[in-house]
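Have a look at the structure below before the remarks.
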Amino acid sequence: MIIDSHCHYEVGRGGRPADPGGDAGLGRYLARAKRAGIDRTVLFPGFHDDYAVANRSVARVVAARPDRLLGFAFVHADRDAGRISRLVGTAVREYGFVGIKAHRRDAPITREVCDAARHFGIPVLYDPMGEVSVAELLAEHYPDVPFVLPHLGSFADDWRAQRALVERLVRCPNIHTDTSGVRWFDLLAEAVRRGGAEKVLFGSDGPWLHPGLELAKVRALGLGAAEEELVLSGNLLALVRGERCRKRVSPRARRPSAPFRRRGGAVGVPGP
């Protein structure tokens with residue numbers, strides 16, 4: 001099985017599909033994914049001014065294609081403060097979603113997001129936009145929550161941040177990454193070699209990037225059958241089934257800490 005762990009569904013303000021994403025973009029993506037041999041895809045909204053609306057729209061799409069799609073709930077760490085657990089609860093219980101998506105462009109990740117993931121036993125896909133030092137705080141204070149920092153930490157091809165994330169993959173048991181949009185191939189190979197195949201998920205960043213091209217990068221790594229299976233599907237399945245990060249939870253890990261801002265609870269980022 002091949003599972004794409006990173007795909008967007010662009011939703012308009014009224015909850016209707018928005019070009020160039022939405023139904024048209026998703027249809028193109030699904031056709032390309034099928035030709036590439038991709039069996040299932042994790043879907044979440046693009047940026048939106050009301051993620052309750054956007055998640056509901058994604059839920060309808062996922063429900064219409066349950067054999068092909070898995071849903072992640074997008075949350076805005078600041079704007080949704082005070083209701084994140086409710087938003088995630090609706091997504092998990094009513095929509096059957098299996099993870100949380102958050103993005104640094106909206107706001108830094110917060111304790112509230114992490115606490116919701118811990119409560120529901122689901123992973124968090126958090127794009128740090130190059131601020132990869134947050135990985136150590138997440139690993140220290142939420143060791144029982146799996147985090148995926150996509151694009152090897154920076155879609156902007158910031159090789160310093162990407163290289164720094166490789167170090168975090170080595171040191172932090174619950175920190176993972178995905179292959180989407182990573183153009184420096186040798187860094188991707190280094191992430192798998194040093195961090196381990198169990199730390200890297202296949203993702204395409206569809207519908208904007210071609211899933212077949214992104215999949216070719218994984219094939220080009222020349223991994224053994226067992227390692228390639230982990231990257232292509234095994235890791236994502238283990239994360240959403242809660243088969244990792246169940247141990248190593250200490251009372252200290254559950255207490256608020258100095259790097260976390262009190263109001264809003266944003267994770268402090270001291271720099272890459």
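To be explicit about the labels: the chains of the structure tokens are called A, B, and onward in the order shown, and within each one the residues are counted from 1, while ligands get numbers from 1 in the order they are shown.
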Can you pull out every residue within 9 Å of Ala102 (chain A), counting only C-alpha atoms, but drop anything in the same chain fewer than 5 positions away, and send it as a VMD selection string?
chain A and resid 73 to 77 107 to 109 113 124 to 128
Using backbone DSSP assignments, extract all strand (DSSP E or B) residues from region 128-224 of chain A; output them as a list in words.
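Taking region 128-224 of chain A and keeping strand (DSSP E or B) only, one gets Phe147, Val148, Leu149, Ile175, His176, Thr177, Asp178, Val200, Leu201 and Gly206 of chain A.
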Pick out each residue of region 135-198 of chain A that DSSP on the backbone tags as helix (DSSP H, G or I); I need them as a ChimeraX atom specification.
/A:135-141,151-153,159-171,185-195,197-198
Generate a file of the selected residues that holds N, CA, C and O atoms, formatted as a CSV table (one decimal), in the first residue's frame.
```
chain,number,residue,atom,x,y,z
A,135,ALA,N,11.0,21.6,17.6
A,135,ALA,CA,11.0,20.1,17.7
A,135,ALA,C,11.5,19.6,19.1
A,135,ALA,O,10.9,18.7,19.6
A,136,GLU,N,12.5,20.3,19.6
A,136,GLU,CA,13.0,19.8,20.9
A,136,GLU,C,12.0,20.1,22.0
A,136,GLU,O,11.9,19.3,23.0
A,137,LEU,N,11.3,21.2,22.0
A,137,LEU,CA,10.3,21.5,23.0
A,137,LEU,C,9.2,20.5,22.9
A,137,LEU,O,8.7,20.0,23.9
A,138,LEU,N,8.7,20.2,21.7
A,138,LEU,CA,7.6,19.3,21.5
A,138,LEU,C,8.1,17.9,22.0
A,138,LEU,O,7.3,17.2,22.7
A,139,ALA,N,9.3,17.5,21.7
A,139,ALA,CA,9.8,16.2,22.1
A,139,ALA,C,9.9,16.1,23.6
A,139,ALA,O,9.6,15.1,24.2
A,140,GLU,N,10.3,17.2,24.3
A,140,GLU,CA,10.5,17.2,25.7
A,140,GLU,C,9.2,17.2,26.5
A,140,GLU,O,9.1,16.4,27.5
A,141,HIS,N,8.3,18.0,26.1
A,141,HIS,CA,7.1,18.2,26.9
A,141,HIS,C,5.9,17.4,26.4
A,141,HIS,O,4.9,17.3,27.1
A,151,HIS,N,8.1,18.8,4.9
A,151,HIS,CA,9.0,19.4,4.0
A,151,HIS,C,10.4,19.4,4.6
A,151,HIS,O,11.2,20.3,4.3
A,152,LEU,N,10.7,18.4,5.4
A,152,LEU,CA,12.0,18.4,6.1
A,152,LEU,C,12.2,19.7,6.9
A,152,LEU,O,13.3,20.2,7.0
A,153,GLY,N,11.1,20.3,7.3
A,153,GLY,CA,11.2,21.5,8.2
A,153,GLY,C,11.0,22.8,7.4
A,153,GLY,O,10.8,23.9,8.1
A,159,TRP,N,18.1,25.2,3.5
A,159,TRP,CA,18.9,24.0,3.7
A,159,TRP,C,19.4,23.9,5.2
A,159,TRP,O,19.6,22.9,5.7
A,160,ARG,N,19.7,25.1,5.7
A,160,ARG,CA,20.2,25.1,7.1
A,160,ARG,C,19.1,24.6,8.1
A,160,ARG,O,19.4,23.8,9.0
A,161,ALA,N,17.9,25.0,7.9
A,161,ALA,CA,16.8,24.5,8.7
A,161,ALA,C,16.5,23.0,8.4
A,161,ALA,O,16.3,22.2,9.4
A,162,GLN,N,16.6,22.6,7.2
A,162,GLN,CA,16.4,21.2,6.8
A,162,GLN,C,17.5,20.3,7.5
A,162,GLN,O,17.2,19.2,8.0
A,163,ARG,N,18.7,20.8,7.4
A,163,ARG,CA,19.8,20.0,8.0
A,163,ARG,C,19.6,20.0,9.5
A,163,ARG,O,19.9,18.9,10.1
A,164,ALA,N,19.2,21.1,10.1
A,164,ALA,CA,19.0,21.1,11.5
A,164,ALA,C,17.9,20.1,11.9
A,164,ALA,O,17.9,19.5,13.0
A,165,LEU,N,16.8,20.0,11.1
A,165,LEU,CA,15.8,19.1,11.4
A,165,LEU,C,16.3,17.6,11.4
A,165,LEU,O,15.8,16.8,12.2
A,166,VAL,N,17.2,17.3,10.5
A,166,VAL,CA,17.8,16.0,10.5
A,166,VAL,C,18.4,15.6,11.8
A,166,VAL,O,18.2,14.5,12.4
A,167,GLU,N,19.0,16.6,12.4
A,167,GLU,CA,19.6,16.4,13.8
A,167,GLU,C,18.5,16.1,14.8
A,167,GLU,O,18.6,15.3,15.7
A,168,ARG,N,17.4,16.8,14.7
A,168,ARG,CA,16.2,16.6,15.6
A,168,ARG,C,15.6,15.2,15.3
A,168,ARG,O,15.1,14.5,16.3
A,169,LEU,N,15.6,14.7,14.1
A,169,LEU,CA,15.1,13.4,13.8
A,169,LEU,C,15.9,12.4,14.5
A,169,LEU,O,15.4,11.3,15.0
A,170,VAL,N,17.2,12.6,14.6
A,170,VAL,CA,18.1,11.6,15.2
A,170,VAL,C,17.9,11.7,16.8
A,170,VAL,O,17.8,10.6,17.4
A,171,ARG,N,17.7,12.9,17.3
A,171,ARG,CA,17.6,13.0,18.8
A,171,ARG,C,16.3,12.8,19.4
A,171,ARG,O,16.2,12.4,20.6
A,185,PHE,N,17.9,16.5,-2.7
A,185,PHE,CA,17.8,15.0,-2.6
A,185,PHE,C,18.7,14.4,-1.6
A,185,PHE,O,18.4,13.5,-0.8
A,186,ASP,N,20.0,14.9,-1.6
A,186,ASP,CA,20.9,14.3,-0.6
A,186,ASP,C,20.5,14.6,0.8
A,186,ASP,O,20.8,13.7,1.7
A,187,LEU,N,19.9,15.7,1.1
A,187,LEU,CA,19.4,15.9,2.5
A,187,LEU,C,18.3,14.9,2.8
A,187,LEU,O,18.2,14.5,4.0
A,188,LEU,N,17.4,14.6,1.9
A,188,LEU,CA,16.3,13.7,2.1
A,188,LEU,C,17.0,12.3,2.4
A,188,LEU,O,16.5,11.6,3.3
A,189,ALA,N,18.0,11.9,1.6
A,189,ALA,CA,18.6,10.7,1.8
A,189,ALA,C,19.3,10.6,3.2
A,189,ALA,O,19.3,9.6,3.9
A,190,GLU,N,19.9,11.8,3.6
A,190,GLU,CA,20.5,11.8,4.9
A,190,GLU,C,19.5,11.7,6.0
A,190,GLU,O,19.7,11.0,7.1
A,191,ALA,N,18.3,12.3,5.8
A,191,ALA,CA,17.2,12.2,6.8
A,191,ALA,C,16.8,10.7,7.1
A,191,ALA,O,16.7,10.3,8.2
A,192,VAL,N,16.7,9.9,6.0
A,192,VAL,CA,16.4,8.5,6.1
A,192,VAL,C,17.6,7.7,6.7
A,192,VAL,O,17.4,6.9,7.6
A,193,ARG,N,18.8,8.0,6.3
A,193,ARG,CA,19.9,7.3,6.7
A,193,ARG,C,20.2,7.5,8.2
A,193,ARG,O,20.4,6.6,9.0
A,194,ARG,N,20.2,8.8,8.6
A,194,ARG,CA,20.5,9.1,10.0
A,194,ARG,C,19.3,9.1,10.9
A,194,ARG,O,19.5,8.6,12.1
A,195,GLY,N,18.2,9.6,10.5
A,195,GLY,CA,17.0,9.6,11.4
A,195,GLY,C,16.4,8.2,11.4
A,195,GLY,O,15.7,7.9,12.4
A,197,ALA,N,14.3,5.2,8.6
A,197,ALA,CA,13.2,5.1,7.7
A,197,ALA,C,11.9,5.3,8.5
A,197,ALA,O,10.9,5.8,7.9
A,198,GLU,N,11.9,4.9,9.8
A,198,GLU,CA,10.6,5.1,10.6
A,198,GLU,C,10.3,6.5,10.9
A,198,GLU,O,9.3,6.8,11.5
```
Which residues are close to Thr177 (chain A), i.e. within 7 Å by only C-alpha atoms, leaving aside same-chain residues fewer than 6 positions away? Reply as a list in words.
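Here the answer would be Val148, Leu149, Pro150, His151, Leu152, Lys199, Val200 and Leu201 of chain A.
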Quick one: residues within 10 Å of region 202-204 of chain A, only C-alpha atoms, excluding same-chain residues fewer than 2 positions away - as number ranges by chain?
A: 2-8, 29, 33, 41-42, 150-151, 177-182, 200, 206-215, 217-218, 228-236
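Between CA of Leu87 (chain A) and CA of Asp205 (chain A) lies a distance of 23.5 Å.
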To one decimal place in Å, what is the distance between CA of Gly89 (chain A) and CA of Asp115 (chain A)?
12.0 Å
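Minimum atom-to-atom distance to Phe44 (chain A), evaluated using only C-alpha atoms, belongs to A:Ile100 out of A:Gly27, A:Ile100, A:Ala226, A:Asp157.
Using only C-alpha atoms, the residues found no farther than 8 Å from Phe97 (chain A), other than those of its own chain fewer than 4 positions away, are A:Ala59, A:Leu70, A:Gly71, A:Phe72, A:Ala73, A:Ala91, A:Val92, A:Arg93.
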Please produce a file of those selected residues containing N, CA, C and O atoms, as a PDB file, in the first residue's frame.
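Once everything was written out, this is part15.pdb:
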```pdb
ATOM      1  N   ALA A  59     -14.676  16.924   5.397  1.00  0.00           N
ATOM      2  CA  ALA A  59     -15.348  15.721   5.889  1.00  0.00           C
ATOM      3  C   ALA A  59     -16.313  15.160   4.847  1.00  0.00           C
ATOM      4  O   ALA A  59     -16.426  13.940   4.683  1.00  0.00           O
ATOM      5  N   LEU A  70      -8.253   9.903   3.890  1.00  0.00           N
ATOM      6  CA  LEU A  70      -8.224  10.023   5.343  1.00  0.00           C
ATOM      7  C   LEU A  70      -8.191  11.508   5.685  1.00  0.00           C
ATOM      8  O   LEU A  70      -7.522  12.282   4.997  1.00  0.00           O
ATOM      9  N   GLY A  71      -8.892  11.922   6.735  1.00  0.00           N
ATOM     10  CA  GLY A  71      -8.986  13.337   7.049  1.00  0.00           C
ATOM     11  C   GLY A  71      -8.146  13.752   8.246  1.00  0.00           C
ATOM     12  O   GLY A  71      -8.058  13.020   9.232  1.00  0.00           O
ATOM     13  N   PHE A  72      -7.530  14.946   8.147  1.00  0.00           N
ATOM     14  CA  PHE A  72      -6.899  15.628   9.269  1.00  0.00           C
ATOM     15  C   PHE A  72      -7.649  16.938   9.490  1.00  0.00           C
ATOM     16  O   PHE A  72      -8.042  17.609   8.527  1.00  0.00           O
ATOM     17  N   ALA A  73      -7.829  17.323  10.746  1.00  0.00           N
ATOM     18  CA  ALA A  73      -8.507  18.574  11.086  1.00  0.00           C
ATOM     19  C   ALA A  73      -7.502  19.717  11.150  1.00  0.00           C
ATOM     20  O   ALA A  73      -6.508  19.631  11.877  1.00  0.00           O
ATOM     21  N   ALA A  91     -14.164  16.591  14.743  1.00  0.00           N
ATOM     22  CA  ALA A  91     -13.506  15.967  13.595  1.00  0.00           C
ATOM     23  C   ALA A  91     -13.248  14.485  13.832  1.00  0.00           C
ATOM     24  O   ALA A  91     -13.420  13.656  12.924  1.00  0.00           O
ATOM     25  N   VAL A  92     -12.849  14.134  15.044  1.00  0.00           N
ATOM     26  CA  VAL A  92     -12.533  12.733  15.346  1.00  0.00           C
ATOM     27  C   VAL A  92     -13.801  11.906  15.505  1.00  0.00           C
ATOM     28  O   VAL A  92     -13.943  10.834  14.901  1.00  0.00           O
ATOM     29  N   ARG A  93     -14.740  12.396  16.316  1.00  0.00           N
ATOM     30  CA  ARG A  93     -15.913  11.593  16.646  1.00  0.00           C
ATOM     31  C   ARG A  93     -16.952  11.562  15.526  1.00  0.00           C
ATOM     32  O   ARG A  93     -17.570  10.525  15.277  1.00  0.00           O
TER      33      ARG A  93
END
```
Separation of CA of Arg40 (chain A) from CA of Glu243 (chain A) in Å:
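Separating CA of Glu243 (chain A) from CA of Arg40 (chain A) is a distance of 19.3 Å.
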Nearest-residue call for Val88 (chain A), choices A:His103, A:Tyr142, A:Ala116, A:Thr110, using only C-alpha atoms
A:Ala116
